[in-house]
>>> print(open('protein-v7.tsv').read())   # TSV, C-alpha atoms
chain	number	residue	atom	x	y	z
H	1	MET	CA	105.08	93.47	93.19
H	2	VAL	CA	101.96	94.68	95.01
H	3	ARG	CA	100.71	91.15	95.66
H	4	ILE	CA	104.03	90.23	97.25
H	5	ALA	CA	103.85	93.35	99.39
H	6	LEU	CA	100.32	92.56	100.56
H	7	ILE	CA	101.24	88.95	101.36
H	8	ALA	CA	104.30	90.09	103.31
H	9	ALA	CA	102.22	92.67	105.20
H	10	ALA	CA	99.55	90.15	106.13
H	11	GLY	CA	102.26	87.69	107.16
H	12	ALA	CA	103.87	90.31	109.38
H	13	VAL	CA	100.64	91.00	111.24
H	14	VAL	CA	99.90	87.29	111.64
H	15	CYS	CA	103.44	86.53	112.80
H	16	ALA	CA	103.23	89.28	115.42
H	17	ALA	CA	100.60	87.17	117.20
H	18	LEU	CA	102.56	83.89	117.02
H	19	PRO	CA	104.80	82.54	119.80
H	20	SER	CA	108.52	83.15	120.15
H	21	PRO	CA	110.02	83.06	116.64
H	22	GLY	CA	107.00	84.90	115.28
H	23	LEU	CA	108.16	88.26	116.55
H	24	PHE	CA	111.37	88.10	114.58
H	25	ALA	CA	109.50	86.96	111.48
H	26	ALA	CA	107.08	89.86	111.98
H	27	ILE	CA	109.96	92.33	111.98
H	28	GLY	CA	111.49	90.81	108.84
H	29	LEU	CA	108.24	90.53	106.93
H	30	GLY	CA	107.27	94.03	108.01
H	31	ILE	CA	110.49	95.46	106.61
H	32	ALA	CA	109.97	93.50	103.39
H	33	ALA	CA	106.38	94.76	103.12
H	34	ILE	CA	107.51	98.35	103.68
H	35	GLY	CA	110.11	98.09	100.92
H	36	THR	CA	107.96	96.32	98.35
H	37	GLY	CA	104.94	98.46	99.21
H	38	TRP	CA	107.01	101.58	98.64
H	39	LEU	CA	108.17	100.27	95.27
H	40	GLY	CA	104.59	99.40	94.32
H	41	TYR	CA	103.35	102.82	95.35
H	42	ARG	CA	106.07	104.75	93.54
H	43	ARG	CA	105.37	103.29	90.08
H	44	PRO	CA	103.72	106.14	88.16
H	45	GLY	CA	102.40	103.97	85.32
H	46	GLU	CA	100.39	101.62	87.53
H	47	PRO	CA	96.62	101.94	87.88
H	48	GLY	CA	95.21	103.59	90.97
H	49	PHE	CA	94.23	100.36	92.72
H	50	ALA	CA	97.76	98.97	92.49
H	51	ARG	CA	99.23	102.15	93.94
H	52	LEU	CA	96.63	102.18	96.71
H	53	ALA	CA	97.36	98.54	97.50
H	54	GLY	CA	101.07	99.38	97.68
H	55	ALA	CA	100.36	102.15	100.17
H	56	ALA	CA	98.16	99.80	102.19
H	57	ALA	CA	100.87	97.15	102.24
H	58	LEU	CA	103.37	99.76	103.37
H	59	THR	CA	101.09	100.81	106.24
H	60	VAL	CA	100.13	97.31	107.37
H	61	GLY	CA	103.75	96.18	107.09
H	62	ALA	CA	104.85	99.08	109.29
H	63	VAL	CA	102.21	98.13	111.87
H	64	GLY	CA	103.38	94.48	111.82
H	65	CYS	CA	106.99	95.57	112.18
H	66	LEU	CA	106.14	97.84	115.11
H	67	LEU	CA	104.14	95.09	116.81
H	68	GLY	CA	107.07	92.71	116.45
H	69	ALA	CA	109.48	95.32	117.81
H	70	LEU	CA	107.13	95.98	120.72
H	71	ARG	CA	107.10	92.29	121.59
H	72	VAL	CA	110.90	92.21	121.51
H	73	ALA	CA	111.03	95.24	123.82
H	74	LEU	CA	108.52	93.66	126.21
H	75	ALA	CA	110.51	90.41	126.29
H	76	LEU	CA	113.71	92.30	127.06
H	77	ALA	CA	111.95	94.28	129.81
H	78	ALA	CA	110.61	91.05	131.32
H	79	ILE	CA	114.08	89.51	131.26
H	80	ASP	CA	115.50	92.58	132.97
H	81	ARG	CA	112.77	92.45	135.62
H	82	VAL	CA	113.42	88.76	136.35
H	83	ASP	CA	117.15	89.52	136.55
H	84	ARG	CA	116.48	92.16	139.21
H	85	LEU	CA	114.44	89.68	141.23
H	86	LEU	CA	117.30	87.20	141.34
>>> encode(input="protein-v7.tsv", output="structure tokens")
Amino acid sequence: MVRIALIAAAGAVVCAALPSPGLFAAIGLGIAAIGTGWLGYRRPGEPGFARLAGAAALTVGAVGCLLGALRVALALAAIDRVDRLL
């Protein structure tokens, strides 16, 4: 579970830097990393490293999701600005 969360978190951060469809993938992978990271962190029987990796995936996934959401907001603001010019 933790490996999937870390892969999704890394994918979210990478997709946040990609062109157009990357921002939507960043949001989706970020949400997936948050969910799976939370599940990995909340397992009481897991060793400390696995729980720490789950918390790291949760944090990095949240950053990737926020970066993707920021890019969506910037794109919408740019569209609104161009609309005002026309």
>>> closest_residue(input="protein-v7.tsv", among="H:Arg43, H:Leu85, H:Ala32, H:Ala25", to="H:Leu67", atoms="only C-alpha atoms")
H:Ala25
>>> residues_around(input="protein-v7.tsv", residues="H:Val72", least_positions_apart="3", cutoff="10 Å", atoms="only C-alpha atoms", output="compact mmCIF listing (two decimals) with C-alpha atoms, keeping the file's coordinate frame")
# COMPACT_ATOMS: atom_id res chain seq x y z
CA SER H 20 108.52 83.15 120.15
CA LEU H 23 108.16 88.26 116.55
CA PHE H 24 111.37 88.10 114.58
CA ILE H 27 109.96 92.33 111.98
CA LEU H 66 106.14 97.84 115.11
CA LEU H 67 104.14 95.09 116.81
CA GLY H 68 107.07 92.71 116.45
CA ALA H 69 109.48 95.32 117.81
CA ALA H 75 110.51 90.41 126.29
CA LEU H 76 113.71 92.30 127.06
CA ALA H 77 111.95 94.28 129.81
CA ALA H 78 110.61 91.05 131.32
>>> closest_residue(input="protein-v7.tsv", among="H:Leu39, H:Ala16, H:Gly22, H:Thr59", to="H:Ile4", atoms="all atoms listed in the file")
H:Leu39
>>> closest_residue(input="protein-v7.tsv", among="H:Val63, H:Leu52, H:Ala12, H:Ala5", to="H:Gly37", atoms="all atoms listed in the file")
H:Ala5
>>> atom_distance(input="protein-v7.tsv", atom1="atom CA of H:Tyr41", atom2="atom CA of H:Ala53")
7.7 Å
>>> atom_distance(input="protein-v7.tsv", atom1="atom CA of H:Ala55", atom2="atom CA of H:Gly11")
16.2 Å
>>> atom_distance(input="protein-v7.tsv", atom1="atom CA of H:Ala26", atom2="atom CA of H:Asp83")
26.6 Å
>>> closest_residue(input="protein-v7.tsv", among="H:Val14, H:Val82, H:Val2, H:Cys65", to="H:Gly48", atoms="only C-alpha atoms")
H:Val2
>>> residues_around(input="protein-v7.tsv", residues="H:Val60", least_positions_apart="3", cutoff="9 Å", atoms="only C-alpha atoms", output="PyMOL selection string")
chain H and resi 6+9-10+12-13+30+33-34+55-57+63-65
>>> closest_residue(input="protein-v7.tsv", among="H:Phe49, H:Leu74, H:Arg81, H:Ala8", to="H:Leu29", atoms="all atoms listed in the file")
H:Ala8
>>> closest_residue(input="protein-v7.tsv", among="H:Leu70, H:Leu58, H:Leu86, H:Ile79", to="H:Thr36", atoms="all atoms listed in the file")
H:Leu58
>>> axis_aligned_box(input="protein-v7.tsv", around="stretch 36-46 of chain H", padding_each_side="4 Å", output="AutoDock Vina command-line options")
--center_x 104.3 --center_y 101.2 --center_z 92.3 --size_x 15.8 --size_y 17.8 --size_z 21.9
